[in-house]
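One file, upload_12.cif, is given below (mmCIF, C-alpha atoms and all ligand atoms).
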```cif
data_model
loop_
_atom_site.group_PDB
_atom_site.id
_atom_site.type_symbol
_atom_site.label_atom_id
_atom_site.label_comp_id
_atom_site.auth_asym_id
_atom_site.auth_seq_id
_atom_site.Cartn_x
_atom_site.Cartn_y
_atom_site.Cartn_z
ATOM 1 C CA MET A 1204 73.170 91.161 106.965
ATOM 2 C CA THR A 1205 72.496 93.847 109.567
ATOM 3 C CA ALA A 1206 69.784 96.387 108.783
ATOM 4 C CA ILE A 1207 70.983 99.907 107.981
ATOM 5 C CA PRO A 1208 69.432 102.607 110.171
ATOM 6 C CA ALA A 1209 67.841 105.681 108.570
ATOM 7 C CA TYR A 1210 70.108 108.728 108.514
ATOM 8 C CA HIS A 1211 68.267 110.635 111.261
ATOM 9 C CA GLU A 1212 68.512 107.614 113.591
ATOM 10 C CA TRP A 1213 72.143 106.911 112.757
ATOM 11 C CA ARG A 1214 73.316 110.493 113.276
ATOM 12 C CA ALA A 1215 72.087 110.571 116.890
ATOM 13 C CA THR A 1216 74.840 108.161 117.960
ATOM 14 C CA ALA A 1217 77.508 108.723 115.288
ATOM 15 C CA ALA A 1218 80.971 110.015 116.201
ATOM 16 C CA ASP A 1219 81.044 111.880 112.857
ATOM 17 C CA PRO A 1220 77.408 112.646 111.834
ATOM 18 C CA ALA A 1221 78.267 113.634 108.238
ATOM 19 C CA PHE A 1222 75.772 112.375 105.654
ATOM 20 C CA THR A 1223 78.579 110.918 103.501
ATOM 21 C CA GLU A 1224 79.920 109.066 106.543
ATOM 22 C CA TRP A 1225 76.496 107.390 106.884
ATOM 23 C CA LEU A 1226 76.687 106.379 103.207
ATOM 24 C CA ARG A 1227 80.268 105.125 103.431
ATOM 25 C CA SER A 1228 79.710 103.053 106.556
ATOM 26 C CA ALA A 1229 76.595 101.497 104.992
ATOM 27 C CA ALA A 1230 78.643 100.510 101.923
ATOM 28 C CA GLU A 1231 80.891 98.190 103.945
ATOM 29 C CA PRO A 1232 82.359 95.625 103.436
ATOM 30 C CA ASP A 1233 82.574 96.610 99.746
ATOM 31 C CA TRP A 1234 84.040 100.034 100.521
ATOM 32 C CA SER A 1235 87.111 98.633 102.280
ATOM 33 C CA ALA A 1236 87.369 95.862 99.675
ATOM 34 C CA VAL A 1237 87.847 98.572 97.013
ATOM 35 C CA ILE A 1238 90.365 100.601 99.019
ATOM 36 C CA ASP A 1239 92.383 97.495 99.932
ATOM 37 C CA HIS A 1240 91.854 95.636 96.648
ATOM 38 C CA PRO A 1241 94.779 93.421 95.501
ATOM 39 C CA PHE A 1242 94.676 95.062 92.055
ATOM 40 C CA ALA A 1243 95.095 98.510 93.659
ATOM 41 C CA THR A 1244 97.989 97.102 95.690
ATOM 42 C CA ALA A 1245 99.555 95.788 92.469
ATOM 43 C CA ILE A 1246 99.277 99.286 90.898
ATOM 44 C CA ILE A 1247 100.949 100.812 93.958
ATOM 45 C CA ARG A 1248 103.767 98.249 93.694
ATOM 46 C CA GLY A 1249 104.168 98.920 89.976
ATOM 47 C CA GLU A 1250 103.284 95.295 89.228
ATOM 48 C CA ALA A 1251 99.757 95.501 87.752
ATOM 49 C CA ASP A 1252 99.088 94.534 84.147
ATOM 50 C CA MET A 1253 97.215 97.718 83.196
ATOM 51 C CA ARG A 1254 96.096 96.899 79.655
ATOM 52 C CA ARG A 1255 92.627 95.439 80.136
ATOM 53 C CA TYR A 1256 91.940 97.748 83.067
ATOM 54 C CA LEU A 1257 92.776 100.954 81.182
ATOM 55 C CA VAL A 1258 90.966 99.869 78.001
ATOM 56 C CA GLN A 1259 87.835 99.353 80.105
ATOM 57 C CA ASP A 1260 88.406 102.447 82.230
ATOM 58 C CA PHE A 1261 88.733 104.683 79.178
ATOM 59 C CA GLN A 1262 85.085 103.847 78.412
ATOM 60 C CA PHE A 1263 84.162 104.500 82.039
ATOM 61 C CA VAL A 1264 85.861 107.897 81.978
ATOM 62 C CA ASP A 1265 83.926 108.925 78.875
ATOM 63 C CA SER A 1266 80.544 108.334 80.593
ATOM 64 C CA PHE A 1267 81.919 109.865 83.751
ATOM 65 C CA THR A 1268 82.812 113.053 81.900
ATOM 66 C CA ALA A 1269 79.242 113.213 80.551
ATOM 67 C CA LEU A 1270 78.042 112.811 84.141
ATOM 68 C CA LEU A 1271 80.268 115.729 85.183
ATOM 69 C CA GLY A 1272 78.491 117.730 82.477
ATOM 70 C CA ALA A 1273 75.143 116.851 84.068
ATOM 71 C CA ALA A 1274 76.531 117.966 87.429
ATOM 72 C CA VAL A 1275 77.506 121.310 85.867
ATOM 73 C CA ALA A 1276 73.960 121.598 84.487
ATOM 74 C CA THR A 1277 72.164 120.730 87.739
ATOM 75 C CA ALA A 1278 74.400 122.307 90.442
ATOM 76 C CA GLU A 1279 72.594 124.788 92.649
ATOM 77 C CA SER A 1280 74.944 127.773 92.551
ATOM 78 C CA PHE A 1281 77.453 129.431 90.257
ATOM 79 C CA GLU A 1282 80.318 128.606 92.657
ATOM 80 C CA SER A 1283 79.504 124.862 92.600
ATOM 81 C CA ARG A 1284 78.944 124.874 88.848
ATOM 82 C CA ALA A 1285 82.289 126.602 88.278
ATOM 83 C CA ARG A 1286 84.118 124.184 90.602
ATOM 84 C CA ILE A 1287 82.785 121.146 88.745
ATOM 85 C CA GLY A 1288 83.307 122.796 85.365
ATOM 86 C CA ARG A 1289 86.939 123.507 86.244
ATOM 87 C CA PHE A 1290 87.537 119.885 87.173
ATOM 88 C CA LEU A 1291 85.828 118.699 83.988
ATOM 89 C CA GLY A 1292 87.928 120.978 81.779
ATOM 90 C CA GLN A 1293 91.288 120.732 83.514
ATOM 91 C CA ILE A 1294 91.394 117.152 84.795
ATOM 92 C CA ALA A 1295 88.919 114.941 82.911
ATOM 93 C CA ALA A 1296 89.159 116.522 79.475
ATOM 94 C CA ASP A 1297 92.851 117.433 79.639
ATOM 95 C CA THR A 1298 95.243 115.814 82.172
ATOM 96 C CA GLU A 1299 93.431 112.494 82.403
ATOM 97 C CA ARG A 1300 92.636 112.301 78.694
ATOM 98 C CA GLY A 1301 96.325 112.923 77.932
ATOM 99 C CA TYR A 1302 97.353 110.157 80.331
ATOM 100 C CA PHE A 1303 94.988 107.660 78.657
ATOM 101 C CA HIS A 1304 96.268 108.486 75.192
ATOM 102 C CA ARG A 1305 99.927 108.033 76.213
ATOM 103 C CA ALA A 1306 99.312 104.946 78.362
ATOM 104 C CA LEU A 1307 97.077 103.124 75.875
ATOM 105 C CA THR A 1308 99.550 103.840 73.057
ATOM 106 C CA ALA A 1309 102.462 102.543 75.158
ATOM 107 C CA LEU A 1310 100.448 99.396 75.916
ATOM 108 C CA GLY A 1311 99.724 98.898 72.206
ATOM 109 C CA ALA A 1312 95.989 99.151 72.834
ATOM 110 C CA GLY A 1313 94.962 102.316 70.979
ATOM 111 C CA THR A 1314 92.133 104.679 71.886
ATOM 112 C CA GLY A 1315 89.448 103.405 69.516
ATOM 113 C CA PRO A 1316 86.227 101.629 70.496
ATOM 114 C CA ALA A 1317 86.614 98.414 72.540
ATOM 115 C CA LYS A 1318 84.200 95.715 73.664
ATOM 116 C CA PRO A 1319 82.957 96.551 77.160
ATOM 117 C CA GLU A 1320 83.189 93.829 79.829
ATOM 118 C CA PRO A 1321 79.877 93.062 81.629
ATOM 119 C CA VAL A 1322 80.842 95.122 84.688
ATOM 120 C CA THR A 1323 81.778 98.057 82.438
ATOM 121 C CA GLU A 1324 78.360 97.820 80.736
ATOM 122 C CA GLU A 1325 76.646 97.863 84.122
ATOM 123 C CA PHE A 1326 78.684 100.845 85.253
ATOM 124 C CA LEU A 1327 77.973 102.748 82.025
ATOM 125 C CA SER A 1328 74.233 102.044 82.428
ATOM 126 C CA LEU A 1329 74.293 103.266 86.019
ATOM 127 C CA MET A 1330 76.036 106.498 85.019
ATOM 128 C CA ASP A 1331 73.829 107.057 81.973
ATOM 129 C CA GLU A 1332 70.659 106.454 84.020
ATOM 130 C CA THR A 1333 71.897 108.868 86.670
ATOM 131 C CA ARG A 1334 72.839 111.454 84.070
ATOM 132 C CA ARG A 1335 69.404 111.271 82.458
ATOM 133 C CA SER A 1336 67.675 111.723 85.841
ATOM 134 C CA GLN A 1337 69.111 115.270 85.956
ATOM 135 C CA ARG A 1338 68.855 115.048 89.750
ATOM 136 C CA TYR A 1339 71.838 116.708 91.409
ATOM 137 C CA PRO A 1340 71.824 114.614 94.625
ATOM 138 C CA LEU A 1341 71.949 111.365 92.609
ATOM 139 C CA ILE A 1342 74.620 112.690 90.254
ATOM 140 C CA LEU A 1343 76.745 113.815 93.212
ATOM 141 C CA THR A 1344 76.341 110.381 94.795
ATOM 142 C CA VAL A 1345 77.866 108.535 91.834
ATOM 143 C CA LEU A 1346 80.666 111.117 91.472
ATOM 144 C CA CYS A 1347 81.382 110.867 95.179
ATOM 145 C CA VAL A 1348 81.804 107.066 95.119
ATOM 146 C CA ALA A 1349 84.043 107.104 92.041
ATOM 147 C CA GLU A 1350 86.342 109.860 93.316
ATOM 148 C CA TRP A 1351 86.421 109.087 97.025
ATOM 149 C CA THR A 1352 87.219 105.367 96.571
ATOM 150 C CA TYR A 1353 90.041 106.295 94.191
ATOM 151 C CA LEU A 1354 91.474 108.790 96.661
ATOM 152 C CA GLY A 1355 91.290 105.987 99.244
ATOM 153 C CA TRP A 1356 93.364 103.368 97.450
ATOM 154 C CA ALA A 1357 95.797 105.814 95.830
ATOM 155 C CA SER A 1358 96.537 107.456 99.190
ATOM 156 C CA ARG A 1359 97.987 104.128 100.387
ATOM 157 C CA ALA A 1360 100.944 104.618 98.026
ATOM 158 C CA GLU A 1361 104.296 105.565 99.564
ATOM 159 C CA PHE A 1362 107.359 107.199 98.073
ATOM 160 C CA PRO A 1363 109.160 106.376 95.951
ATOM 161 C CA LEU A 1364 106.285 105.751 93.535
ATOM 162 C CA PRO A 1365 106.759 103.144 90.753
ATOM 163 C CA GLU A 1366 109.118 104.154 87.940
ATOM 164 C CA ASN A 1367 106.786 103.101 85.122
ATOM 165 C CA PHE A 1368 104.745 106.198 84.203
ATOM 166 C CA ILE A 1369 101.622 104.081 83.646
ATOM 167 C CA HIS A 1370 101.482 103.158 87.341
ATOM 168 C CA ARG A 1371 103.079 106.313 88.755
ATOM 169 C CA GLU A 1372 100.888 108.873 86.989
ATOM 170 C CA TRP A 1373 97.723 106.843 87.695
ATOM 171 C CA ILE A 1374 98.556 107.057 91.407
ATOM 172 C CA GLU A 1375 99.448 110.768 91.163
ATOM 173 C CA LEU A 1376 96.154 111.547 89.390
ATOM 174 C CA HIS A 1377 94.195 110.142 92.326
ATOM 175 C CA SER A 1378 96.198 111.379 95.307
ATOM 176 C CA GLY A 1379 97.744 114.620 96.517
ATOM 177 C CA PRO A 1380 96.182 117.801 97.910
ATOM 178 C CA GLU A 1381 94.444 118.932 94.723
ATOM 179 C CA PHE A 1382 92.559 115.673 94.245
ATOM 180 C CA ALA A 1383 91.826 115.471 97.992
ATOM 181 C CA GLY A 1384 90.350 118.995 97.745
ATOM 182 C CA TRP A 1385 88.074 117.900 94.912
ATOM 183 C CA VAL A 1386 86.833 114.911 96.928
ATOM 184 C CA ALA A 1387 86.286 117.191 99.942
ATOM 185 C CA PHE A 1388 84.193 119.493 97.739
ATOM 186 C CA LEU A 1389 82.001 116.590 96.530
ATOM 187 C CA ARG A 1390 81.535 115.341 100.097
ATOM 188 C CA ASP A 1391 80.715 118.848 101.353
ATOM 189 C CA GLU A 1392 78.054 119.223 98.663
ATOM 190 C CA LEU A 1393 76.414 115.923 99.596
ATOM 191 C CA ASP A 1394 76.811 116.623 103.338
ATOM 192 C CA ARG A 1395 75.012 119.930 102.795
ATOM 193 C CA ILE A 1396 72.189 118.587 100.609
ATOM 194 C CA GLY A 1397 71.676 115.061 101.985
ATOM 195 C CA PRO A 1398 70.279 115.842 105.464
ATOM 196 C CA SER A 1399 67.400 117.934 104.068
ATOM 197 C CA LEU A 1400 66.231 115.322 101.537
ATOM 198 C CA ALA A 1401 63.036 113.389 102.291
ATOM 199 C CA GLU A 1402 63.679 110.044 103.976
ATOM 200 C CA GLU A 1403 62.697 108.131 100.804
ATOM 201 C CA GLU A 1404 65.201 110.154 98.790
ATOM 202 C CA GLN A 1405 67.904 109.512 101.378
ATOM 203 C CA ALA A 1406 67.176 105.794 101.007
ATOM 204 C CA GLU A 1407 67.405 106.148 97.213
ATOM 205 C CA VAL A 1408 70.773 107.903 97.526
ATOM 206 C CA LEU A 1409 71.968 105.164 99.864
ATOM 207 C CA GLY A 1410 70.919 102.411 97.439
ATOM 208 C CA LEU A 1411 72.755 104.147 94.592
ATOM 209 C CA PHE A 1412 75.874 104.703 96.724
ATOM 210 C CA ARG A 1413 75.991 101.001 97.636
ATOM 211 C CA ARG A 1414 75.411 99.890 94.033
ATOM 212 C CA ALA A 1415 78.201 102.135 92.765
ATOM 213 C CA THR A 1416 80.580 100.887 95.471
ATOM 214 C CA GLU A 1417 79.810 97.262 94.563
ATOM 215 C CA LEU A 1418 80.555 98.062 90.907
ATOM 216 C CA GLU A 1419 83.895 99.638 91.894
ATOM 217 C CA ARG A 1420 84.836 96.409 93.662
ATOM 218 C CA ARG A 1421 83.763 94.269 90.702
ATOM 219 C CA PHE A 1422 85.618 96.568 88.298
ATOM 220 C CA PHE A 1423 88.881 95.856 90.140
ATOM 221 C CA ASP A 1424 87.957 92.132 90.234
ATOM 222 C CA MET A 1425 87.578 92.244 86.438
ATOM 223 C CA ALA A 1426 90.933 94.036 86.058
ATOM 224 C CA ALA A 1427 92.658 91.438 88.240
ATOM 225 C CA GLY A 1428 91.238 88.745 85.921
HETATM 226 C C1 LIG B 1501 86.172 102.456 87.770
HETATM 227 C C2 LIG B 1501 86.699 103.798 88.112
HETATM 228 N N1 LIG B 1501 86.211 104.439 89.183
HETATM 229 C C3 LIG B 1501 86.667 105.650 89.504
HETATM 230 C C4 LIG B 1501 87.641 106.259 88.751
HETATM 231 C C5 LIG B 1501 88.154 107.602 89.130
HETATM 232 N N2 LIG B 1501 87.883 108.607 88.173
HETATM 233 C C6 LIG B 1501 87.056 108.441 87.142
HETATM 234 S S1 LIG B 1501 86.940 109.807 86.176
HETATM 235 C C7 LIG B 1501 87.959 110.650 87.164
HETATM 236 C C8 LIG B 1501 88.308 112.061 86.983
HETATM 237 C C9 LIG B 1501 88.526 112.669 85.772
HETATM 238 O O1 LIG B 1501 88.486 112.034 84.605
HETATM 239 C C10 LIG B 1501 88.405 109.857 88.192
HETATM 240 C C11 LIG B 1501 89.312 110.348 89.226
HETATM 241 C C12 LIG B 1501 88.123 105.576 87.629
HETATM 242 N N3 LIG B 1501 89.042 106.102 86.807
HETATM 243 N N4 LIG B 1501 87.643 104.346 87.331
#
```

I need this file expressed as structure tokens, please.
Amino acid sequence: MTAIPAYHEWRATAADPAFTEWLRSAAEPDWSAVIDHPFATAIIRGEADMRRYLVQDFQFVDSFTALLGAAVATAESFESRARIGRFLGQIAADTERGYFHRALTALGAGTGPAKPEPVTEEFLSLMDETRRSQRYPLILTVLCVAEWTYLGWASRAEFPLPENFIHREWIELHSGPEFAGWVAFLRDELDRIGPSLAEEEQAEVLGLFRRATELERRFFDMAAG
């Protein structure tokens, strides 16, 4: 394994010196493994068996929504707080929740409690720990991984999208200009805040970013069975 340079060293020679670009490049090869994952490819082709994946992801999305609440609470300005609050209310608590209810019903799975897989447990712990920290840079880091990786794989889809609504709407939720704008907002926040953190905090953010990316890869591995 090659050592990862500190941000201030890395930025001196980087083509794009953005803080989130430092994080992303340090999360390889897992980052590309998520974007190019065979399960994501199967979703794009309309061939994935979505049942286990969505049952597990419904639990993920619940903790994620709580984490969005912590981001609302800890954001540093009204504009940022309102942006995150809008996403929480319109997408997480409405559009996405509606999708899960329809998809899980169609799959005969229901929306009640389900036994979390080990990777789901780990992901829930990571999000709950981060939420309890009430530290905006750490909260943003976990949000950034979850949203940016999903924009990455879903943006590989080409028209026409699959006919089955379970695949098609899952792709639509994670691609398109509105979702790309949300990911750009999260990256901008972290690009603004990251460079002025102490070096130890930057290292902490990096460790969390890499852990979350590894969990994204293992979550798709679990879904693929
Ligand atoms: C393992 C996993 N990672 C990321 C996402 C993406 N994601 C999670 S919550 C949310 C927004 C609103 O609910 C989005 C886009 C996912 N679904 N599952």

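Our summary of the geometry notes that atom N3 of ligand LIG 1501 (chain B) is positioned 20.8 Å from atom CA of A:Glu1392.
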
At a cut-off of 9 Å, can you tabulate as JSON lines every residue of chain A near ligand LIG 1501 (chain B) together with its closest atom pair and the distance in Å to one decimal, using all atoms listed in the file and ordering rows by chain then number?
```
{"residue": "A:Tyr1256", "atom": "CA", "partner": "B:LIG1501", "partner_atom": "C1", "distance": 8.8}
{"residue": "A:Leu1257", "atom": "CA", "partner": "B:LIG1501", "partner_atom": "N3", "distance": 8.5}
{"residue": "A:Gln1259", "atom": "CA", "partner": "B:LIG1501", "partner_atom": "C1", "distance": 8.4}
{"residue": "A:Asp1260", "atom": "CA", "partner": "B:LIG1501", "partner_atom": "N4", "distance": 5.5}
{"residue": "A:Phe1261", "atom": "CA", "partner": "B:LIG1501", "partner_atom": "N3", "distance": 7.8}
{"residue": "A:Phe1263", "atom": "CA", "partner": "B:LIG1501", "partner_atom": "N4", "distance": 6.3}
{"residue": "A:Val1264", "atom": "CA", "partner": "B:LIG1501", "partner_atom": "S1", "distance": 4.7}
{"residue": "A:Asp1265", "atom": "CA", "partner": "B:LIG1501", "partner_atom": "S1", "distance": 7.9}
{"residue": "A:Ser1266", "atom": "CA", "partner": "B:LIG1501", "partner_atom": "S1", "distance": 8.6}
{"residue": "A:Phe1267", "atom": "CA", "partner": "B:LIG1501", "partner_atom": "S1", "distance": 5.6}
{"residue": "A:Thr1268", "atom": "CA", "partner": "B:LIG1501", "partner_atom": "O1", "distance": 6.4}
{"residue": "A:Leu1271", "atom": "CA", "partner": "B:LIG1501", "partner_atom": "C9", "distance": 8.8}
{"residue": "A:Phe1290", "atom": "CA", "partner": "B:LIG1501", "partner_atom": "C9", "distance": 7.4}
{"residue": "A:Leu1291", "atom": "CA", "partner": "B:LIG1501", "partner_atom": "C9", "distance": 6.8}
{"residue": "A:Gln1293", "atom": "CA", "partner": "B:LIG1501", "partner_atom": "C9", "distance": 8.8}
{"residue": "A:Ile1294", "atom": "CA", "partner": "B:LIG1501", "partner_atom": "C9", "distance": 5.4}
{"residue": "A:Ala1295", "atom": "CA", "partner": "B:LIG1501", "partner_atom": "O1", "distance": 3.4}
{"residue": "A:Ala1296", "atom": "CA", "partner": "B:LIG1501", "partner_atom": "O1", "distance": 6.8}
{"residue": "A:Asp1297", "atom": "CA", "partner": "B:LIG1501", "partner_atom": "O1", "distance": 8.5}
{"residue": "A:Thr1298", "atom": "CA", "partner": "B:LIG1501", "partner_atom": "O1", "distance": 8.1}
{"residue": "A:Glu1299", "atom": "CA", "partner": "B:LIG1501", "partner_atom": "O1", "distance": 5.4}
{"residue": "A:Arg1300", "atom": "CA", "partner": "B:LIG1501", "partner_atom": "O1", "distance": 7.2}
{"residue": "A:Thr1323", "atom": "CA", "partner": "B:LIG1501", "partner_atom": "C1", "distance": 8.2}
{"residue": "A:Phe1326", "atom": "CA", "partner": "B:LIG1501", "partner_atom": "C1", "distance": 8.1}
{"residue": "A:Leu1346", "atom": "CA", "partner": "B:LIG1501", "partner_atom": "C6", "distance": 8.2}
{"residue": "A:Val1348", "atom": "CA", "partner": "B:LIG1501", "partner_atom": "C3", "distance": 7.6}
{"residue": "A:Ala1349", "atom": "CA", "partner": "B:LIG1501", "partner_atom": "C3", "distance": 3.9}
{"residue": "A:Glu1350", "atom": "CA", "partner": "B:LIG1501", "partner_atom": "C11", "distance": 5.1}
{"residue": "A:Trp1351", "atom": "CA", "partner": "B:LIG1501", "partner_atom": "C5", "distance": 8.2}
{"residue": "A:Thr1352", "atom": "CA", "partner": "B:LIG1501", "partner_atom": "C3", "distance": 7.1}
{"residue": "A:Tyr1353", "atom": "CA", "partner": "B:LIG1501", "partner_atom": "C5", "distance": 5.6}
{"residue": "A:Leu1354", "atom": "CA", "partner": "B:LIG1501", "partner_atom": "C11", "distance": 7.9}
{"residue": "A:Trp1373", "atom": "CA", "partner": "B:LIG1501", "partner_atom": "N3", "distance": 8.8}
{"residue": "A:Leu1376", "atom": "CA", "partner": "B:LIG1501", "partner_atom": "C11", "distance": 6.9}
{"residue": "A:His1377", "atom": "CA", "partner": "B:LIG1501", "partner_atom": "C11", "distance": 5.8}
{"residue": "A:Phe1382", "atom": "CA", "partner": "B:LIG1501", "partner_atom": "C11", "distance": 8.0}
{"residue": "A:Leu1418", "atom": "CA", "partner": "B:LIG1501", "partner_atom": "C1", "distance": 7.8}
{"residue": "A:Glu1419", "atom": "CA", "partner": "B:LIG1501", "partner_atom": "C1", "distance": 5.5}
{"residue": "A:Arg1420", "atom": "CA", "partner": "B:LIG1501", "partner_atom": "C1", "distance": 8.5}
{"residue": "A:Phe1422", "atom": "CA", "partner": "B:LIG1501", "partner_atom": "C1", "distance": 5.9}
{"residue": "A:Phe1423", "atom": "CA", "partner": "B:LIG1501", "partner_atom": "C1", "distance": 7.5}
```

Please write the residues picked by the PyMOL selection byres (((chain A and resi 1361-1368) around 9) and not hetatm) on this file as number ranges by chain.
-> A: 1246-1250, 1306, 1358-1360, 1369-1375

Given the file above and the PyMOL selection byres (((chain A and resi 1208) around 12) and not hetatm), which residues are selected, and can you give them as a PDB file with C-alpha atoms, in the frame of the given file?
```
ATOM      1  CA  THR A1205      72.496  93.847 109.567  1.00  0.00           C
ATOM      2  CA  ALA A1206      69.784  96.387 108.783  1.00  0.00           C
ATOM      3  CA  ILE A1207      70.983  99.907 107.981  1.00  0.00           C
ATOM      4  CA  ALA A1209      67.841 105.681 108.570  1.00  0.00           C
ATOM      5  CA  TYR A1210      70.108 108.728 108.514  1.00  0.00           C
ATOM      6  CA  HIS A1211      68.267 110.635 111.261  1.00  0.00           C
ATOM      7  CA  GLU A1212      68.512 107.614 113.591  1.00  0.00           C
ATOM      8  CA  TRP A1213      72.143 106.911 112.757  1.00  0.00           C
ATOM      9  CA  ARG A1214      73.316 110.493 113.276  1.00  0.00           C
ATOM     10  CA  ALA A1215      72.087 110.571 116.890  1.00  0.00           C
ATOM     11  CA  THR A1216      74.840 108.161 117.960  1.00  0.00           C
ATOM     12  CA  ALA A1217      77.508 108.723 115.288  1.00  0.00           C
ATOM     13  CA  TRP A1225      76.496 107.390 106.884  1.00  0.00           C
ATOM     14  CA  LEU A1226      76.687 106.379 103.207  1.00  0.00           C
ATOM     15  CA  SER A1228      79.710 103.053 106.556  1.00  0.00           C
ATOM     16  CA  ALA A1229      76.595 101.497 104.992  1.00  0.00           C
ATOM     17  CA  GLU A1402      63.679 110.044 103.976  1.00  0.00           C
ATOM     18  CA  GLN A1405      67.904 109.512 101.378  1.00  0.00           C
ATOM     19  CA  ALA A1406      67.176 105.794 101.007  1.00  0.00           C
ATOM     20  CA  LEU A1409      71.968 105.164  99.864  1.00  0.00           C
TER      21      LEU A1409
END
```

Atom CA of A:Leu1393 to atom CA of A:Gly1410, distance in Å rounded to a single decimal = 14.7 Å

Name every residue that the PyMOL selection byres (((chain A and resi 1316-1320) around 8) and not hetatm) selects in this structure, writing the answer as a ChimeraX atom specification with chains first and numbers rising.
-> /A:1258-1259,1262,1314-1315,1321-1324

Could you complete stretch 1404-1422 of chain A so that it carries N, CA and C atoms, and give it back as a compact mmCIF listing (two decimals), in the coordinates of the input?
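Result written to rebuild20.txt:
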```
# COMPACT_ATOMS: atom_id res chain seq x y z
N GLU A 1404 64.11 109.75 99.68
CA GLU A 1404 65.20 110.15 98.79
C GLU A 1404 66.55 109.79 99.40
N GLN A 1405 66.66 109.92 100.71
CA GLN A 1405 67.90 109.51 101.38
C GLN A 1405 68.14 108.02 101.16
N ALA A 1406 67.06 107.24 101.22
CA ALA A 1406 67.18 105.79 101.01
C ALA A 1406 67.58 105.50 99.56
N GLU A 1407 67.06 106.31 98.63
CA GLU A 1407 67.40 106.15 97.21
C GLU A 1407 68.89 106.45 96.99
N VAL A 1408 69.36 107.53 97.61
CA VAL A 1408 70.77 107.90 97.53
C VAL A 1408 71.64 106.78 98.11
N LEU A 1409 71.21 106.25 99.23
CA LEU A 1409 71.97 105.16 99.86
C LEU A 1409 72.06 103.94 98.95
N GLY A 1410 70.93 103.57 98.34
CA GLY A 1410 70.92 102.41 97.44
C GLY A 1410 71.88 102.62 96.27
N LEU A 1411 71.88 103.82 95.72
CA LEU A 1411 72.76 104.15 94.59
C LEU A 1411 74.23 104.13 95.02
N PHE A 1412 74.51 104.67 96.20
CA PHE A 1412 75.87 104.70 96.72
C PHE A 1412 76.40 103.27 96.89
N ARG A 1413 75.56 102.39 97.41
CA ARG A 1413 75.99 101.00 97.64
C ARG A 1413 76.17 100.27 96.31
N ARG A 1414 75.28 100.52 95.35
CA ARG A 1414 75.41 99.89 94.03
C ARG A 1414 76.70 100.33 93.34
N ALA A 1415 76.99 101.62 93.41
CA ALA A 1415 78.20 102.14 92.76
C ALA A 1415 79.45 101.57 93.44
N THR A 1416 79.42 101.43 94.75
CA THR A 1416 80.58 100.89 95.47
C THR A 1416 80.80 99.42 95.09
N GLU A 1417 79.69 98.67 94.97
CA GLU A 1417 79.81 97.26 94.56
C GLU A 1417 80.41 97.17 93.16
N LEU A 1418 80.00 98.07 92.27
CA LEU A 1418 80.56 98.06 90.91
C LEU A 1418 82.04 98.41 90.91
N GLU A 1419 82.46 99.32 91.78
CA GLU A 1419 83.90 99.64 91.89
C GLU A 1419 84.68 98.39 92.28
N ARG A 1420 84.15 97.64 93.24
CA ARG A 1420 84.84 96.41 93.66
C ARG A 1420 84.91 95.41 92.51
N ARG A 1421 83.79 95.23 91.81
CA ARG A 1421 83.76 94.27 90.70
C ARG A 1421 84.61 94.73 89.52
N PHE A 1422 84.77 96.05 89.38
CA PHE A 1422 85.62 96.57 88.30
C PHE A 1422 87.07 96.17 88.55
```
